[in-house]
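Structure below is input_23.cif: mmCIF, C-alpha atoms and all ligand atoms.
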```cif
data_protein
loop_
_atom_site.label_atom_id
_atom_site.label_comp_id
_atom_site.auth_asym_id
_atom_site.auth_seq_id
_atom_site.Cartn_x
_atom_site.Cartn_y
_atom_site.Cartn_z
CA THR A 1 14.92 13.04 -62.24
CA SER A 2 14.64 16.51 -60.80
CA SER A 3 15.74 17.55 -57.33
CA HIS A 4 12.43 18.53 -55.72
CA GLN A 5 10.68 15.48 -57.11
CA VAL A 6 13.08 12.92 -55.63
CA GLU A 7 15.47 14.35 -53.05
CA GLY A 8 13.28 15.20 -50.09
CA GLY A 9 13.92 17.76 -47.36
CA ASP A 10 14.33 20.88 -49.48
CA ILE A 11 12.78 24.18 -48.42
CA ASN A 12 11.65 26.46 -51.20
CA ASN A 13 8.54 28.12 -52.66
CA TRP A 14 7.12 24.72 -53.66
CA SER A 15 7.53 23.06 -50.26
CA GLU A 16 5.81 26.07 -48.63
CA TRP A 17 3.02 26.08 -51.20
CA GLU A 18 2.39 22.36 -50.73
CA ILE A 19 1.82 22.79 -47.01
CA LYS A 20 -0.61 25.64 -47.63
CA ASN A 21 -2.45 23.90 -50.45
CA ALA A 22 -2.52 20.19 -49.56
CA GLU A 23 -6.06 20.26 -48.11
CA ARG A 24 -7.38 22.20 -51.07
CA LEU A 25 -5.75 19.87 -53.61
CA ALA A 26 -7.17 16.80 -51.85
CA LYS A 27 -10.66 18.33 -51.93
CA ARG A 28 -10.34 19.39 -55.54
CA ALA A 29 -9.34 15.84 -56.46
CA LYS A 30 -12.91 14.58 -55.93
CA THR A 31 -14.08 16.37 -59.04
CA TYR A 32 -10.79 16.86 -60.85
CA TRP A 33 -10.05 13.13 -61.42
CA GLN A 34 -12.20 10.39 -62.94
CA PRO A 35 -13.90 7.84 -60.63
CA TRP A 36 -11.60 5.05 -61.94
CA GLN A 37 -8.56 7.06 -60.95
CA ILE A 38 -9.88 7.75 -57.45
CA LYS A 39 -10.74 4.08 -57.03
CA LYS A 40 -7.34 2.93 -58.22
CA PHE A 41 -5.41 5.55 -56.24
CA PRO A 42 -7.37 6.37 -53.06
CA GLU A 43 -4.43 8.45 -51.83
CA ILE A 44 -5.61 11.08 -54.33
CA LEU A 45 -8.03 12.20 -51.58
CA ASP A 46 -5.38 12.33 -48.86
CA PRO A 47 -3.79 15.74 -48.21
CA GLY A 48 -0.53 13.95 -47.34
CA ASN A 49 -0.24 12.92 -51.00
CA TYR A 50 0.38 16.58 -51.89
CA ILE A 51 3.38 17.23 -49.66
CA ALA A 52 6.77 16.21 -51.09
CA GLY A 53 8.37 15.85 -47.62
CA ARG A 54 11.08 13.21 -47.88
CA ALA A 55 10.06 12.41 -51.48
CA CYS A 56 12.18 9.36 -52.51
CA ASP A 57 14.89 10.22 -49.97
CA HIS A 58 17.21 10.41 -52.95
CA TYR A 59 19.24 13.11 -51.19
CA ARG A 60 20.50 10.33 -48.91
CA LEU A 61 20.16 7.38 -51.26
CA PHE A 62 21.58 8.87 -54.45
CA GLU A 63 24.56 6.56 -54.55
CA ASN A 64 22.35 3.46 -54.49
CA ASP A 65 20.03 4.99 -57.06
CA PHE A 66 22.82 5.66 -59.54
CA LYS A 67 24.24 2.18 -58.94
CA LEU A 68 20.82 0.84 -59.76
CA ALA A 69 20.72 2.92 -62.95
CA LYS A 70 24.05 1.40 -63.90
CA GLU A 71 22.82 -2.12 -63.13
CA LEU A 72 19.82 -1.41 -65.32
CA GLY A 73 22.13 -0.74 -68.23
CA HIS A 74 21.75 3.05 -68.34
CA THR A 75 24.61 5.00 -69.84
CA ALA A 76 23.49 8.49 -68.81
CA THR A 77 21.42 10.03 -66.08
CA ARG A 78 19.70 13.38 -65.68
CA VAL A 79 19.65 15.25 -62.38
CA SER A 80 18.86 18.80 -61.35
CA ILE A 81 20.46 21.13 -58.84
CA GLU A 82 18.26 22.56 -56.12
CA TRP A 83 18.80 26.34 -56.08
CA SER A 84 17.51 26.66 -52.50
CA ARG A 85 20.20 24.28 -51.24
CA ILE A 86 22.97 26.24 -52.96
CA GLU A 87 21.80 29.74 -52.10
CA PRO A 88 19.53 29.44 -49.05
CA GLU A 89 19.94 33.16 -48.38
CA GLU A 90 20.37 35.79 -51.04
CA GLY A 91 24.03 36.01 -52.04
CA LYS A 92 25.12 33.49 -49.39
CA PHE A 93 26.21 30.22 -50.87
CA SER A 94 26.19 26.98 -48.94
CA GLU A 95 29.45 25.04 -49.18
CA ALA A 96 27.64 21.94 -47.92
CA GLY A 97 25.03 22.30 -50.66
CA ILE A 98 27.70 22.63 -53.34
CA GLU A 99 29.69 19.74 -51.88
CA HIS A 100 26.62 17.51 -52.07
CA TYR A 101 26.18 18.03 -55.81
CA LYS A 102 29.89 17.56 -56.39
CA LYS A 103 29.48 14.14 -54.79
CA VAL A 104 26.39 13.46 -56.88
CA VAL A 105 28.18 14.22 -60.13
CA ARG A 106 31.37 12.39 -59.07
CA THR A 107 29.31 9.30 -58.23
CA ILE A 108 27.60 9.39 -61.61
CA LYS A 109 30.92 9.78 -63.41
CA THR A 110 32.68 7.11 -61.39
CA LEU A 111 29.99 4.66 -62.37
CA GLY A 112 30.69 5.46 -66.00
CA LEU A 113 27.40 7.27 -66.59
CA GLU A 114 27.15 10.60 -68.44
CA PRO A 115 25.62 13.27 -66.22
CA PHE A 116 23.00 15.58 -67.76
CA VAL A 117 22.68 18.42 -65.30
CA THR A 118 19.70 20.75 -65.16
CA ILE A 119 20.51 24.01 -63.43
CA TRP A 120 16.88 24.91 -62.71
CA HIS A 121 13.86 22.60 -62.62
CA TRP A 122 11.22 24.98 -61.14
CA PRO A 123 11.36 25.59 -57.37
CA ILE A 124 12.94 28.89 -56.32
CA PRO A 125 14.47 29.87 -52.98
CA LEU A 126 12.08 31.59 -50.57
CA TRP A 127 14.01 34.86 -50.63
CA LEU A 128 13.59 35.07 -54.40
CA ALA A 129 9.88 34.23 -54.20
CA LYS A 130 9.49 37.15 -51.77
CA LYS A 131 11.14 39.42 -54.31
CA GLY A 132 8.67 38.50 -57.03
CA GLY A 133 10.40 35.42 -58.46
CA TRP A 134 10.85 35.38 -62.21
CA GLU A 135 8.71 38.48 -62.66
CA ASN A 136 11.51 40.49 -61.12
CA LYS A 137 13.97 41.43 -63.83
CA GLU A 138 16.78 41.08 -61.28
CA ALA A 139 16.03 37.34 -61.30
CA VAL A 140 18.09 37.08 -64.48
CA LYS A 141 21.19 38.35 -62.65
CA MET A 142 20.46 36.25 -59.62
CA PHE A 143 20.06 33.13 -61.73
CA SER A 144 23.32 33.88 -63.56
CA ARG A 145 25.17 34.31 -60.28
CA TYR A 146 23.78 31.00 -58.93
CA SER A 147 24.59 29.26 -62.22
CA GLU A 148 28.15 30.52 -62.16
CA LYS A 149 28.64 28.99 -58.72
CA ILE A 150 27.34 25.67 -59.94
CA VAL A 151 29.27 25.66 -63.17
CA SER A 152 32.53 26.58 -61.48
CA ALA A 153 32.01 23.78 -58.96
CA LEU A 154 30.92 21.04 -61.40
CA GLY A 155 32.20 22.21 -64.77
CA GLU A 156 35.17 19.85 -64.96
CA ASP A 157 32.86 16.85 -64.67
CA VAL A 158 29.81 17.96 -66.63
CA LYS A 159 29.59 18.19 -70.38
CA PHE A 160 25.81 18.44 -70.82
CA TRP A 161 24.00 21.34 -69.18
CA THR A 162 20.33 22.13 -69.43
CA THR A 163 19.89 25.62 -68.03
CA ILE A 164 16.09 25.61 -67.68
CA ASN A 165 13.51 22.87 -67.68
CA GLU A 166 10.39 23.50 -69.80
CA PRO A 167 10.12 27.29 -69.64
CA GLU A 168 6.71 27.19 -71.35
CA ILE A 169 5.14 24.68 -68.95
CA TYR A 170 6.48 26.55 -65.94
CA SER A 171 5.41 30.02 -67.05
CA SER A 172 1.97 28.94 -68.26
CA SER A 173 1.16 26.81 -65.20
CA SER A 174 2.44 29.33 -62.66
CA TYR A 175 1.47 32.64 -64.26
CA LEU A 176 -1.34 31.97 -66.74
CA GLY A 177 -3.30 28.90 -65.63
CA GLY A 178 -2.81 29.70 -61.95
CA PHE A 179 -2.23 26.04 -60.96
CA TRP A 180 1.26 26.30 -59.52
CA PRO A 181 2.94 28.77 -57.21
CA PRO A 182 2.55 31.75 -57.28
CA GLN A 183 -0.82 30.87 -58.88
CA LYS A 184 -1.20 33.92 -61.07
CA ARG A 185 -3.56 34.25 -63.98
CA ASN A 186 -2.08 37.20 -65.69
CA PRO A 187 -1.04 37.18 -69.37
CA PHE A 188 1.34 40.07 -68.78
CA SER A 189 3.11 38.24 -65.96
CA TYR A 190 3.27 35.15 -68.15
CA LEU A 191 4.95 37.03 -71.00
CA LEU A 192 7.28 38.83 -68.65
CA VAL A 193 8.41 35.58 -67.06
CA LEU A 194 8.97 33.96 -70.45
CA ARG A 195 11.05 36.95 -71.50
CA ASN A 196 13.15 36.80 -68.36
CA LEU A 197 13.70 33.09 -68.86
CA VAL A 198 14.94 33.73 -72.40
CA LYS A 199 17.36 36.34 -71.05
CA ALA A 200 18.45 34.06 -68.23
CA HIS A 201 19.18 31.21 -70.59
CA ARG A 202 21.17 33.40 -72.97
CA ALA A 203 23.25 34.88 -70.14
CA VAL A 204 24.06 31.48 -68.65
CA TYR A 205 24.76 29.98 -72.06
CA LYS A 206 27.34 32.68 -72.73
CA SER A 207 29.00 32.34 -69.37
CA ILE A 208 29.27 28.54 -69.53
CA LYS A 209 30.70 28.65 -73.05
CA LYS A 210 33.23 31.29 -72.08
CA ARG A 211 34.60 29.08 -69.36
CA TYR A 212 34.05 25.69 -71.04
CA PRO A 213 33.92 26.08 -74.83
CA GLU A 214 33.51 22.31 -75.22
CA ALA A 215 30.41 22.14 -73.01
CA MET A 216 27.07 21.29 -74.60
CA VAL A 217 24.41 23.70 -73.39
CA GLY A 218 20.69 23.73 -74.09
CA ILE A 219 17.29 23.74 -72.45
CA ALA A 220 14.74 20.96 -71.95
CA LYS A 221 11.83 21.92 -74.16
CA ASN A 222 8.38 20.38 -73.91
CA ASN A 223 7.07 19.94 -77.44
CA ILE A 224 3.66 18.64 -78.41
CA HIS A 225 2.57 17.05 -81.66
CA PHE A 226 -0.30 19.23 -82.87
CA ASP A 227 -1.99 17.01 -85.37
CA ALA A 228 -4.59 18.65 -87.62
CA GLN A 229 -6.95 15.77 -88.47
CA ASP A 230 -9.05 17.60 -91.04
CA LYS A 231 -8.09 20.06 -93.74
CA SER A 232 -10.35 22.84 -92.49
CA LEU A 233 -8.83 26.30 -92.29
CA ILE A 234 -9.61 26.55 -88.59
CA SER A 235 -7.75 23.30 -87.81
CA ARG A 236 -4.78 24.30 -89.90
CA LEU A 237 -4.69 27.72 -88.29
CA ARG A 238 -4.86 26.21 -84.83
CA LYS A 239 -2.01 23.86 -85.66
CA TYR A 240 0.07 26.67 -87.11
CA ALA A 241 -0.45 28.99 -84.15
CA SER A 242 0.12 26.24 -81.57
CA ASP A 243 3.34 25.11 -83.23
CA LYS A 244 4.55 28.63 -83.55
CA TRP A 245 3.82 29.66 -79.98
CA TRP A 246 4.15 26.50 -77.92
CA ASN A 247 6.79 24.54 -79.80
CA PHE A 248 8.99 27.12 -81.48
CA TYR A 249 8.78 30.51 -79.74
CA PHE A 250 11.38 29.82 -77.06
CA LEU A 251 13.63 27.79 -79.33
CA ASP A 252 13.59 30.56 -81.92
CA LYS A 253 14.56 33.07 -79.25
CA ILE A 254 17.58 31.03 -78.19
CA LYS A 255 18.51 29.54 -81.53
CA ASP A 256 21.99 31.08 -81.50
CA TYR A 257 22.48 30.14 -77.86
CA GLN A 258 22.19 26.38 -77.79
CA ASP A 259 24.43 23.46 -78.70
CA PHE A 260 21.72 20.84 -78.54
CA ILE A 261 17.99 20.63 -78.17
CA GLY A 262 16.72 18.79 -75.12
CA LEU A 263 13.30 17.44 -76.00
CA ASN A 264 10.72 16.57 -73.35
CA HIS A 265 7.83 14.88 -75.06
CA TYR A 266 4.54 13.59 -73.63
CA PHE A 267 1.62 14.96 -75.60
CA HIS A 268 -0.21 14.52 -78.84
CA ASN A 269 -3.12 16.86 -79.51
CA ARG A 270 -5.43 15.84 -82.33
CA ILE A 271 -7.15 18.89 -83.74
CA LEU A 272 -10.57 18.42 -85.27
CA ARG A 273 -12.60 21.38 -86.54
CA GLY A 274 -10.26 23.66 -84.62
CA LYS A 275 -10.64 21.87 -81.29
CA VAL A 276 -8.43 19.38 -79.46
CA ARG A 277 -10.19 16.02 -79.67
CA ASN A 278 -8.04 13.16 -78.52
CA GLU A 279 -9.28 9.62 -79.03
CA ASN A 280 -7.92 8.45 -75.66
CA LYS A 281 -8.09 4.79 -76.65
CA VAL A 282 -4.99 4.04 -74.60
CA VAL A 283 -4.25 6.38 -71.69
CA SER A 284 -1.77 6.54 -68.83
CA ASP A 285 -2.86 6.54 -65.18
CA MET A 286 -3.09 10.32 -65.48
CA GLY A 287 -5.49 10.00 -68.41
CA TRP A 288 -2.96 11.27 -70.93
CA GLU A 289 -3.36 9.71 -74.36
CA LEU A 290 -0.50 7.37 -75.22
CA CYS A 291 0.53 7.87 -78.80
CA PRO A 292 4.12 6.72 -79.33
CA GLU A 293 3.99 7.66 -83.03
CA ALA A 294 3.84 11.35 -82.14
CA ILE A 295 7.52 11.63 -81.22
CA TYR A 296 8.49 11.05 -84.85
CA PHE A 297 6.67 14.21 -85.95
CA VAL A 298 7.97 16.29 -83.08
CA LEU A 299 11.52 15.23 -83.91
CA LYS A 300 11.05 15.96 -87.63
CA ASP A 301 9.85 19.45 -86.72
CA LEU A 302 13.04 20.11 -84.76
CA GLU A 303 15.28 19.23 -87.70
CA LYS A 304 15.16 22.83 -88.91
CA TYR A 305 17.33 23.99 -85.99
CA LYS A 306 20.19 21.83 -87.27
CA LYS A 307 21.32 20.87 -83.78
CA PRO A 308 21.83 17.49 -82.17
CA ILE A 309 18.78 16.37 -80.23
CA TYR A 310 18.77 14.58 -76.90
CA ILE A 311 15.41 13.41 -75.63
CA THR A 312 15.63 14.63 -72.06
CA GLU A 313 12.20 13.34 -70.97
CA ASN A 314 9.59 10.90 -72.23
CA GLY A 315 7.53 8.44 -70.26
CA LEU A 316 4.20 7.70 -68.62
CA ALA A 317 2.47 7.21 -65.28
CA ASP A 318 1.78 3.47 -65.13
CA ALA A 319 1.67 1.98 -61.63
CA GLU A 320 0.95 -1.55 -62.88
CA ASP A 321 3.58 -1.33 -65.60
CA LYS A 322 1.06 -2.63 -68.10
CA ASN A 323 1.80 -0.17 -70.92
CA ARG A 324 5.36 0.97 -70.24
CA SER A 325 7.12 -1.84 -72.14
CA TRP A 326 4.90 -1.40 -75.18
CA PHE A 327 5.19 2.37 -75.01
CA LEU A 328 8.97 2.27 -74.72
CA VAL A 329 9.45 -0.12 -77.62
CA GLU A 330 7.06 1.80 -79.88
CA THR A 331 8.61 5.13 -78.91
CA LEU A 332 12.12 3.86 -79.63
CA LYS A 333 10.92 2.53 -83.00
CA ASN A 334 9.61 5.96 -83.88
CA ILE A 335 12.84 7.63 -82.79
CA LYS A 336 14.71 5.16 -85.00
CA LYS A 337 12.41 6.09 -87.87
CA ALA A 338 13.27 9.77 -87.34
CA ILE A 339 17.00 8.94 -87.25
CA ASP A 340 16.65 6.95 -90.47
CA ASP A 341 14.94 9.98 -91.99
CA GLY A 342 17.95 12.13 -91.15
CA VAL A 343 17.11 13.64 -87.75
CA ASP A 344 20.20 13.96 -85.58
CA VAL A 345 18.97 12.23 -82.40
CA ARG A 346 21.85 11.38 -80.08
CA GLY A 347 20.24 10.10 -76.92
CA TYR A 348 17.14 9.17 -74.96
CA LEU A 349 16.54 9.68 -71.26
CA HIS A 350 13.40 8.02 -69.95
CA TRP A 351 11.30 9.89 -67.41
CA SER A 352 11.93 8.58 -64.93
CA LEU A 353 14.47 6.39 -63.20
CA LEU A 354 12.34 6.44 -60.04
CA ASP A 355 8.72 6.98 -59.12
CA ASN A 356 8.64 10.54 -57.85
CA PHE A 357 6.62 13.49 -56.60
CA GLU A 358 4.54 14.77 -59.50
CA TRP A 359 4.14 18.45 -58.51
CA ASP A 360 0.53 19.47 -57.77
CA LYS A 361 -0.63 15.87 -58.46
CA GLY A 362 1.49 14.41 -55.66
CA PHE A 363 2.82 10.88 -55.29
CA TRP A 364 0.25 8.65 -56.93
CA PRO A 365 1.37 8.99 -60.58
CA ARG A 366 4.08 6.36 -60.95
CA PHE A 367 6.54 7.37 -63.66
CA GLY A 368 9.43 5.15 -62.54
CA LEU A 369 11.24 2.38 -64.29
CA VAL A 370 11.91 1.60 -60.66
CA ALA A 371 9.02 1.50 -58.17
CA VAL A 372 9.52 3.33 -54.87
CA ASP A 373 7.84 2.27 -51.64
CA TYR A 374 7.27 5.64 -49.97
CA LYS A 375 7.04 4.07 -46.51
CA THR A 376 10.28 2.10 -46.52
CA PHE A 377 12.00 3.89 -49.45
CA ALA A 378 12.75 0.47 -50.95
CA ARG A 379 13.36 0.43 -54.70
CA LYS A 380 12.10 -2.31 -57.01
CA PRO A 381 12.75 -2.30 -60.75
CA ARG A 382 9.61 -2.90 -62.79
CA HIS A 383 9.58 -5.44 -65.59
CA SER A 384 9.85 -2.68 -68.21
CA ALA A 385 13.19 -1.68 -66.65
CA GLU A 386 14.52 -5.16 -67.45
CA LEU A 387 13.28 -4.97 -71.01
CA TYR A 388 14.79 -1.50 -71.37
CA LYS A 389 18.09 -2.85 -70.05
CA ASP A 390 18.15 -5.60 -72.66
CA ILE A 391 17.37 -3.08 -75.40
CA ILE A 392 20.22 -0.85 -74.25
CA LEU A 393 22.67 -3.76 -74.02
CA ALA A 394 21.72 -5.05 -77.48
CA ASN A 395 21.52 -1.47 -78.76
CA GLY A 396 18.16 -2.29 -80.29
CA MET A 397 15.03 -4.38 -80.12
CA THR A 398 16.71 -7.49 -81.48
CA GLU A 399 14.96 -10.77 -82.07
CA SER A 400 16.47 -12.31 -78.97
CA VAL A 401 15.31 -9.39 -76.81
CA ALA A 402 11.83 -9.67 -78.27
CA LYS A 403 11.79 -13.42 -77.66
CA LYS A 404 12.89 -13.05 -74.07
CA HIS A 405 10.12 -10.56 -73.34
CA ILE A 406 7.44 -12.09 -75.51
CA ASN A 407 5.23 -12.85 -72.53
CA CYS A 408 5.41 -9.36 -71.12
CA CYS A 409 3.18 -6.58 -72.31
CA LEU A 410 4.51 -5.64 -75.72
CA ASN A 411 0.98 -4.68 -76.77
CA ALA A 412 -1.08 -1.74 -75.56
CA ASN A 413 -3.66 -2.48 -72.86
C1 LIG B 501 8.43 17.76 -66.12
C2 LIG B 501 8.62 16.75 -64.99
C3 LIG B 501 7.33 15.99 -64.79
C4 LIG B 501 6.98 15.27 -66.07
C5 LIG B 501 5.71 14.41 -66.00
C6 LIG B 501 7.63 17.28 -67.28
O1 LIG B 501 6.77 18.28 -67.70
O2 LIG B 501 9.67 18.27 -66.51
O3 LIG B 501 9.05 17.42 -63.86
O4 LIG B 501 7.38 15.12 -63.71
O5 LIG B 501 6.77 16.21 -67.09
O6 LIG B 501 4.59 15.19 -65.85
#
```
Go ahead and express the file in the form of structure tokens.
Ligand code: BGC
Amino acid sequence: TSSHQVEGGDINNWSEWEIKNAERLAKRAKTYWQPWQIKKFPEILDPGNYIAGRACDHYRLFENDFKLAKELGHTATRVSIEWSRIEPEEGKFSEAGIEHYKKVVRTIKTLGLEPFVTIWHWPIPLWLAKKGGWENKEAVKMFSRYSEKIVSALGEDVKFWTTINEPEIYSSSSYLGGFWPPQKRNPFSYLLVLRNLVKAHRAVYKSIKKRYPEAMVGIAKNNIHFDAQDKSLISRLRKYASDKWWNFYFLDKIKDYQDFIGLNHYFHNRILRGKVRNENKVVSDMGWELCPEAIYFVLKDLEKYKKPIYITENGLADAEDKNRSWFLVETLKNIKKAIDDGVDVRGYLHWSLLDNFEWDKGFWPRFGLVAVDYKTFARKPRHSAELYKDIILANGMTESVAKKHINCCLNAN
């Protein structure tokens, strides 16, 4: 999970932006989404869908949520720290905020789960947004100072740190595509932000390792399988350039400053005559093509960094849970194939434990192994969560697991 998407009640540049943009996003939805999506999820047209508000109320219910993860067989869980709760005013740190995350991490550890802690998963405190956010070169120092607070408070209990979640998705959506706050469309801002994120990661990497040499520090990197379908020069060039820029630029920049690679993987882009042409035979509720074979190629491509790989995100929006079981099993098979071919994959974290607030899309995309009722905040594990549990317990898709779940959706719909 990530803090803003599940906790509820945080005040930062995202929560402000949501209030200002909810009406616009609801109006845009009429043309942005397909008729089948609007029919299936009428809340797409409701401005309330676009305001995180109490989210999953995980800030209050975290203990139950981690207990549930444990009951569902999980052995690790990923959480993020909300910067605005730790440093609500510039340079003034909230003891209550820090205390909360100490409790979060203690609870995870006490349950016997391994915490994977993300220091920054996108929202920034309002005071930093006013100062220009990540475009301001001072942001690197500010981020390092905030990180030091967090690491000194939680360092004894946390081995796995991801400093930054998906720097390329954040910088391109916020500064190039203009979809997310601060909604810029400026290539120079985009490059500047990327550069500052590289610097921020390196600085925090060094400071964590100085204090905790045994810690494992990395980022969560969103990599796509760019799949040239024809041998034309234009397709091969497009694949080469996309790999180089999207998949490897950031990792190359931090290659001497990471102990593991955190892989977030969702997309497969088929390139035909230089253009992305996905078949979309099986899609998620968000219309994203589901291609569980792609993860094999993405993992193979990461082998060159010679670092252990933890899959820090992978999943799908599937409210009816009709494809999740199939997708999970096929994805795990492809990870196994990569491991058998020598790729050093050490772990898999499914996105997500809970349904959650999907940024500018709002609440309707349901990514959870566990369904959340946003009115009562009740949690209900989906069938796929039970299958996943059996796979974890058996450490594989054994015959008996397959038999038990034979009547559930092990095929794509
Ligand atoms: C992000 C998550 C997001 C997920 C599904 C990733 O890009 O890290 O915050 O919910 O994808 O879109």
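Excluding Val276 of chain A and any residue on its chain fewer than 6 positions from it, the residues at most 9 Å away by only C-alpha atoms are Phe226, Asn269 and Arg270 of chain A.
Minimum distance to Ser173 of chain A across A:Leu194, A:Val104, A:Ala319, A:Val343 (counting all atoms listed in the file) occurs at A:Leu194.
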Set the distance at 12 Å and use only C-alpha atoms: which residues neighbour Ile108 of chain A once local chain neighbours fewer than 4 positions away are removed? I'd like the list as a PyMOL selection string. chain A and resi 62-70+74-79+101-104+112-117+157-158
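Distances from A:Tyr205, A:Trp364, A:Tyr374, A:Tyr32 to ligand LIG 501 (chain B) were compared using only C-alpha atoms and all ligand atoms, and the smallest one belongs to A:Trp364.
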Can you measure atom CA of Ala402 of chain A to atom CA of Pro381 of chain A for me? One decimal in Å is fine. 19.0 Å
